[in-house]
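Encoded as structure tokens, the structure appears first; notes follow it.
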Amino acid sequence: MDYSFILPMIGGLGLFLYGMKLMSDGLENAAGERLRNILEFFTNNRFTGMLVGIFFTAIIQSSSASTVMVVSFVNAGLMNLSQAAGVILGANIGTTVTSQLVAFNLSKVAPLFLIIGVVMVMFIDSPNVKKIGEVVLGFGVLFTGLTTMSSTMEALKDSPMIMNTLSNLDNHFIAVFIGFIITAILQSSSVTVSIVLLMASQGLLALPICFFIILGCNIGSCVSALIASLSGRKNAKRAAMIHFLFNVFGSIILFIALSLALKPITNFFLQISNHNIGRSVANAHTAFKIIEALIMFPFMNYIVKLAKAIISGDDKTSEDDILLYIGEKSMITPASAIPQVRRELIHSANLVWDNLNKSFSAFIHNDLSQVDDIYKKEESINEISHSITDFLVHTNQLDLPISDRGQLGCLFHAVSDVERIGDHAVNFTELACSKVKHKSELSPAAKKQIINMYESVEQVLILALKIFHDRSEKNIPKLLELEEHVDDLERKYQKSHIKRMSKGDCEPRAGLLFSDMLSALERISDHGVNIALSITDKYDEEDFELEDE
């Protein structure tokens with residue numbers, strides 16, 4: 001037997017896989033943030049979640065990538081299980097777009113896509129154009145790989161052994177198992193179905209057996225998400241289990257239907273596909289996914305409950321676990337890394353806010369009962385800041401969406417600003433201890449001014465964190481007005497303080513405490529504004545390299 005077909009077949013498969021990856025990564029990087037925002041904001045109910053899943057997966061051409069992304073979002077707390085279930089339903093339908101494209105047999109125009117993609121990647125400097133060029137190049141590479149595999153498969157017809165083996169493949173269970181194994185290895189049902197489509201078009205596989213291989217592909221596509229969820233939290237594992245259960249139950253239902261009415265179903269797909277075998281395989285793949293979604297949609301609540309029953313209990317936590325969105329149980333994927341950092345940073349800012357309130361109260365009321373708690377929480381804040389910094393350094397090594405990469409340097413600065421506000425809270429505590437130790441008391445006028453100053457800074461921080469959370473610039477002008485008001489108060493109160501000192505209305509030690517508090521509050525206001533403005537700053541590579549070092 002002549003084995004010369006093996007290398008061309010492997011080469012064609014390699015080109016196909018690489019083309020798929022170029023397309024998927026290019027689209028995710030060029031429009032990653034927009035696609036992620038769609039996932040985050042338009043999945044409030046299961047039906048819209050399913051529509052988003054269809055659209056999202058059709059765009060990035062990979063249900064495995066979509067599902068892994070959804071699992072990582074669930075792990076990071078960006079999406080709940082109910083939302084994830086809807087997106088997973090849609091992802092299973094959206095993945096059939098690839099086989100439909102393959103069925104159109106666009107191999108003749110593949111060279112055109114190749115040259116356009118190469119020009120965009122090699123000769124145009126714009127990062128966005130380069131990423132779109134990768135998509136175009138990937139499309140050309142994909143169909144070049146298909147052409148290579150297709151021509152190689154024609155040679156297989158000359159091998160009696162291969163033809164006999166494939167023609168005798170009539171065991172439905174074995175066909176499902178073959179589809180499962182190949183997809184689990186390649187980690188892409190789209191690739192496996194495309195190979196099956198080519199083989200059927202060349203007369204190497206009978207159409208009925210292709211249906212059962214497709215069912216195996218459906219189950220095999222769950223392996224990527226299951227593996228990715230192993231290092232994640234319980235809800236991430238449950239999201240991956242929902243994907244698995246949906247495909248298993250759907251495939252069982254279709255397996256029974258095919259076993260009972262295989263000939264009528266085969267004739268139906270041949271008729272609607274104008275007796276084109278390749279088109280019949282693609283249409284069957286799409287139809288199976290739609291039928292599964294329609295059947296399973298009303299029962300998704302039960303599937304969610306079953307997933308929770310299979311993966312029971314809660315994540316083990318201890319007092320030492322201070323990280324909520326990053327850490328040992330985090331899943332670092334390009335699409336979820338930056339949102340995880342932002343949520344962890346907001347968590348850190350809330351701890352700082354609590355410390356700031358306690359330390360200011362200690363200063364005003366001479367109450368040192370919470371000093372130990374303030375210092376302990378400051379240690380946690382510092383640890384979170386260091387963990388976020390390490391996470392950002394690691395994230396920089398990922399192939400991030402363009403817009404996310406532009407946020408890296410800004411987030412480094414935001415981490416620093418949050419930590420410095422925390423340091424000021426500790427300074428307030430030290431001033432409170434000094435105030436109590438030396439029995440220094442502010443005059444009523446000074447005390448009133450300090451409280452008024454703090455309330456103004458409080459407004460700045462509340463609005464700054466809202467801007468950072470919402471990533472909306474509409475409130476920035478109002479924030480800058482508040483910050484300017486704080487600056488005016490600081491100047492005004494410092495002058496008032498000098499007058500009180502000159503009149504002897506305030507003792508020198510208390511006067512120093514007052515002046516230090518005013519200056520610190522003004523700097524806290526500045527740090528708050530910096531945090532908010534980080535959503536508008538552009539990525540500065542030199543600044544980032546300094547932080548990285």
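Residue names in the structure tokens use chain letters A, B, ... in the order shown, residue numbers from 1 in each chain, and ligand numbers from 1 in the order shown.
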Find the spatial neighbours of range 461-468 of chain A, counting only C-alpha atoms, within a cut-off of 12 Å - ignore same-chain residues fewer than 5 positions away - and output them as a CSV table (one decimal) with N, CA, C and O atoms, in the first residue's frame.
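Wrote around_21.csv, looks like this:
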```
chain,number,residue,atom,x,y,z
A,339,PRO,N,-11.1,42.1,32.6
A,339,PRO,CA,-12.3,42.3,33.5
A,339,PRO,C,-12.0,41.7,34.9
A,339,PRO,O,-12.5,42.3,35.9
A,342,ARG,N,-10.0,44.3,36.8
A,342,ARG,CA,-10.8,45.5,37.1
A,342,ARG,C,-11.7,45.2,38.3
A,342,ARG,O,-11.9,46.0,39.2
A,343,ARG,N,-12.3,44.0,38.3
A,343,ARG,CA,-13.2,43.6,39.5
A,343,ARG,C,-12.4,43.4,40.7
A,343,ARG,O,-12.9,43.8,41.8
A,345,LEU,N,-9.6,45.0,41.4
A,345,LEU,CA,-9.2,46.3,41.8
A,345,LEU,C,-10.3,47.1,42.5
A,345,LEU,O,-10.1,47.8,43.5
A,346,ILE,N,-11.6,46.9,42.0
A,346,ILE,CA,-12.7,47.5,42.7
A,346,ILE,C,-12.9,46.9,44.1
A,346,ILE,O,-13.2,47.6,45.1
A,347,HIS,N,-12.7,45.6,44.2
A,347,HIS,CA,-12.7,44.9,45.5
A,347,HIS,C,-11.7,45.5,46.5
A,347,HIS,O,-12.0,45.8,47.6
A,348,SER,N,-10.5,45.7,46.0
A,348,SER,CA,-9.5,46.3,46.8
A,348,SER,C,-9.8,47.8,47.2
A,348,SER,O,-9.6,48.2,48.3
A,349,ALA,N,-10.4,48.5,46.2
A,349,ALA,CA,-10.8,49.9,46.5
A,349,ALA,C,-11.9,49.9,47.6
A,349,ALA,O,-11.9,50.9,48.4
A,350,ASN,N,-12.8,48.9,47.6
A,350,ASN,CA,-13.8,48.9,48.7
A,350,ASN,C,-13.2,48.6,50.0
A,350,ASN,O,-13.7,49.2,51.0
A,352,VAL,N,-10.2,49.6,50.9
A,352,VAL,CA,-9.5,50.9,51.2
A,352,VAL,C,-10.6,51.9,51.7
A,352,VAL,O,-10.3,52.6,52.7
A,353,TRP,N,-11.7,51.9,51.0
A,353,TRP,CA,-12.8,52.8,51.4
A,353,TRP,C,-13.2,52.6,52.9
A,353,TRP,O,-13.4,53.5,53.7
A,356,LEU,N,-10.5,53.8,55.2
A,356,LEU,CA,-10.5,55.2,55.2
A,356,LEU,C,-11.6,55.8,56.2
A,356,LEU,O,-11.3,56.7,57.0
A,357,ASN,N,-12.8,55.2,56.1
A,357,ASN,CA,-13.8,55.6,57.0
A,357,ASN,C,-13.5,55.4,58.4
A,357,ASN,O,-13.7,56.2,59.3
A,410,CYS,N,-2.4,51.6,32.1
A,410,CYS,CA,-3.4,52.4,33.0
A,410,CYS,C,-3.8,51.7,34.2
A,410,CYS,O,-3.9,52.3,35.3
A,411,LEU,N,-4.0,50.4,34.1
A,411,LEU,CA,-4.3,49.6,35.3
A,411,LEU,C,-3.2,49.5,36.3
A,411,LEU,O,-3.4,49.5,37.5
A,414,ALA,N,-3.5,52.6,38.2
A,414,ALA,CA,-4.7,52.6,39.0
A,414,ALA,C,-4.5,51.8,40.3
A,414,ALA,O,-4.9,52.1,41.4
A,417,ASP,N,-2.6,53.9,42.6
A,417,ASP,CA,-3.4,55.0,43.3
A,417,ASP,C,-4.3,54.4,44.4
A,417,ASP,O,-4.4,55.0,45.4
A,418,VAL,N,-4.8,53.2,44.2
A,418,VAL,CA,-5.7,52.6,45.2
A,418,VAL,C,-4.8,52.3,46.4
A,418,VAL,O,-5.2,52.6,47.6
A,421,ILE,N,-4.0,55.4,48.4
A,421,ILE,CA,-5.1,55.9,49.3
A,421,ILE,C,-5.2,55.0,50.6
A,421,ILE,O,-5.4,55.6,51.6
A,454,TYR,N,-13.6,66.2,54.3
A,454,TYR,CA,-13.7,64.7,54.1
A,454,TYR,C,-14.9,64.4,53.3
A,454,TYR,O,-14.9,63.5,52.4
A,455,GLU,N,-16.0,65.1,53.6
A,455,GLU,CA,-17.3,64.8,52.9
A,455,GLU,C,-17.1,65.1,51.4
A,455,GLU,O,-17.7,64.4,50.5
A,456,SER,N,-16.4,66.2,51.1
A,456,SER,CA,-16.2,66.6,49.7
A,456,SER,C,-15.3,65.5,49.0
A,456,SER,O,-15.5,65.2,47.8
A,473,GLU,N,-17.3,57.9,30.4
A,473,GLU,CA,-16.7,59.2,30.6
A,473,GLU,C,-17.7,60.4,30.8
A,473,GLU,O,-17.2,61.5,31.0
A,474,LYS,N,-18.9,60.1,30.8
A,474,LYS,CA,-19.9,61.2,30.9
A,474,LYS,C,-19.9,62.0,32.2
A,474,LYS,O,-20.2,63.1,32.2
A,475,ASN,N,-19.4,61.3,33.3
A,475,ASN,CA,-19.4,62.0,34.6
A,475,ASN,C,-18.0,62.6,34.9
A,475,ASN,O,-17.8,63.2,36.0
A,476,ILE,N,-17.1,62.5,34.0
A,476,ILE,CA,-15.7,63.0,34.2
A,476,ILE,C,-15.7,64.6,34.4
A,476,ILE,O,-15.1,65.1,35.3
A,477,PRO,N,-16.5,65.4,33.6
A,477,PRO,CA,-16.5,66.8,33.9
A,477,PRO,C,-17.0,67.1,35.3
A,477,PRO,O,-16.5,68.0,36.0
A,478,LYS,N,-18.0,66.4,35.7
A,478,LYS,CA,-18.5,66.6,37.1
A,478,LYS,C,-17.5,66.3,38.1
A,478,LYS,O,-17.3,67.0,39.1
A,479,LEU,N,-16.7,65.2,37.9
A,479,LEU,CA,-15.7,64.7,38.8
A,479,LEU,C,-14.6,65.8,38.9
A,479,LEU,O,-14.1,66.1,40.0
A,480,LEU,N,-14.2,66.4,37.8
A,480,LEU,CA,-13.2,67.4,37.8
A,480,LEU,C,-13.6,68.7,38.5
A,480,LEU,O,-12.8,69.3,39.2
A,481,GLU,N,-14.9,69.0,38.4
A,481,GLU,CA,-15.5,70.1,39.2
A,481,GLU,C,-15.4,69.8,40.7
A,481,GLU,O,-15.0,70.7,41.5
A,482,LEU,N,-15.7,68.6,41.1
A,482,LEU,CA,-15.7,68.2,42.5
A,482,LEU,C,-14.2,68.3,43.0
A,482,LEU,O,-14.0,68.8,44.1
A,483,GLU,N,-13.3,67.8,42.2
A,483,GLU,CA,-11.9,67.8,42.6
A,483,GLU,C,-11.4,69.3,42.7
A,483,GLU,O,-10.6,69.6,43.6
A,486,VAL,N,-12.5,70.6,46.0
A,486,VAL,CA,-11.6,70.1,47.1
A,486,VAL,C,-10.3,70.9,47.1
A,486,VAL,O,-9.9,71.3,48.2
A,521,LEU,N,-6.0,64.6,52.6
A,521,LEU,CA,-7.3,64.5,52.0
A,521,LEU,C,-7.3,65.1,50.5
A,521,LEU,O,-7.9,64.5,49.6
A,522,GLU,N,-6.5,66.2,50.3
A,522,GLU,CA,-6.4,66.7,49.0
A,522,GLU,C,-5.7,65.7,48.0
A,522,GLU,O,-6.1,65.5,46.9
A,523,ARG,N,-4.7,65.0,48.6
A,523,ARG,CA,-3.9,64.0,47.7
A,523,ARG,C,-4.8,62.8,47.5
A,523,ARG,O,-4.7,62.2,46.4
A,524,ILE,N,-5.6,62.4,48.5
A,524,ILE,CA,-6.6,61.3,48.2
A,524,ILE,C,-7.5,61.7,47.1
A,524,ILE,O,-7.8,60.8,46.2
A,525,SER,N,-8.0,62.9,47.1
A,525,SER,CA,-8.9,63.3,46.0
A,525,SER,C,-8.2,63.2,44.6
A,525,SER,O,-8.8,62.7,43.7
A,526,ASP,N,-6.9,63.6,44.6
A,526,ASP,CA,-6.1,63.5,43.4
A,526,ASP,C,-6.0,62.0,42.9
A,526,ASP,O,-6.1,61.7,41.7
A,527,HIS,N,-5.7,61.1,43.9
A,527,HIS,CA,-5.6,59.7,43.5
A,527,HIS,C,-6.9,59.2,43.0
A,527,HIS,O,-7.0,58.4,42.0
A,528,GLY,N,-8.1,59.6,43.6
A,528,GLY,CA,-9.4,59.2,43.1
A,528,GLY,C,-9.6,59.6,41.7
A,528,GLY,O,-10.1,58.8,40.8
A,529,VAL,N,-9.2,60.9,41.3
A,529,VAL,CA,-9.4,61.4,40.0
A,529,VAL,C,-8.5,60.6,39.0
A,529,VAL,O,-8.9,60.2,37.9
A,530,ASN,N,-7.3,60.2,39.4
A,530,ASN,CA,-6.4,59.4,38.6
A,530,ASN,C,-7.0,58.1,38.3
A,530,ASN,O,-6.9,57.6,37.2
A,531,ILE,N,-7.7,57.4,39.3
A,531,ILE,CA,-8.3,56.1,39.0
A,531,ILE,C,-9.4,56.3,38.0
A,531,ILE,O,-9.5,55.4,37.1
A,532,ALA,N,-10.2,57.3,38.1
A,532,ALA,CA,-11.3,57.5,37.1
A,532,ALA,C,-10.7,57.8,35.7
A,532,ALA,O,-11.2,57.3,34.7
A,533,LEU,N,-9.7,58.7,35.6
A,533,LEU,CA,-9.1,59.0,34.3
A,533,LEU,C,-8.3,57.9,33.7
A,533,LEU,O,-8.0,58.0,32.5
A,534,SER,N,-8.1,56.8,34.4
A,534,SER,CA,-7.4,55.7,33.8
A,534,SER,C,-8.2,55.0,32.7
A,534,SER,O,-7.6,54.3,31.9
A,535,ILE,N,-9.5,55.3,32.7
A,535,ILE,CA,-10.3,54.7,31.6
A,535,ILE,C,-10.1,55.4,30.3
A,535,ILE,O,-10.5,54.9,29.2
A,536,THR,N,-9.5,56.6,30.4
A,536,THR,CA,-9.3,57.4,29.2
A,536,THR,C,-7.9,57.4,28.7
A,536,THR,O,-7.7,57.7,27.5
```
Any idea what's packed within 12 Å of Ser150 in chain A, counting only C-alpha atoms, ignoring anything in its chain fewer than 6 positions away? Could you give it as a PyMOL selection string?
chain A and resi 5+8-13+16+102+105+107+143-144+156-157+194-204+278
Name the residues of range 376-509 of chain A that come out as alpha helix (DSSP H) in a backbone DSSP run; write them as a PyMOL selection string.
chain A and resi 376-395+402-405+408-437+444-470+476-503+508-509
Mind pulling up the distance from CA of Lys376 in chain A to CA of Asn452 in chain A?
28.0 Å
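Interatomic distance, CA of Ala110 in chain A to CA of Val141 in chain A: 7.2 Å.
Minimum distance to Ser359 in chain A across A:Asp404, A:Asp170, A:Glu430, A:Asp125 (counting only C-alpha atoms) occurs at A:Glu430.
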Please identify all polymer residues within 8 Å of Lys289 in chain A, counting only C-alpha atoms, omitting same-chain residues fewer than 4 positions from it, and present them as a PyMOL selection string.
chain A and resi 92-93+96+285+293
Write to file, as an mmCIF file, in the first residue's frame, the residues of the selection just made, with C-alpha atoms.
```cif
data_model
loop_
_atom_site.group_PDB
_atom_site.id
_atom_site.type_symbol
_atom_site.label_atom_id
_atom_site.label_comp_id
_atom_site.auth_asym_id
_atom_site.auth_seq_id
_atom_site.Cartn_x
_atom_site.Cartn_y
_atom_site.Cartn_z
ATOM 1 C CA ASN A 92 -23.655 25.070 19.712
ATOM 2 C CA ILE A 93 -25.671 26.498 16.820
ATOM 3 C CA THR A 96 -22.118 25.139 12.376
ATOM 4 C CA HIS A 285 -24.878 19.527 11.286
ATOM 5 C CA ALA A 293 -31.459 23.660 21.195
#
```
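Neighbouring residues of range 209-213 of chain A at 8 Å or closer, counting only C-alpha atoms and skipping chain neighbours under 6 positions away, are Leu169, Asp170, His172, Phe173, Ala175, Val176, Phe177, Ile178, Gly179, Phe180, Val196, Ala200, Phe255, Val281, Ala284 and His285 of chain A.
For the residues A:Ser385, A:Gln407, A:His438, A:Asp470, ranking by smallest atom-to-atom distance to Arg420 in chain A using only C-alpha atoms places A:Ser385 first.
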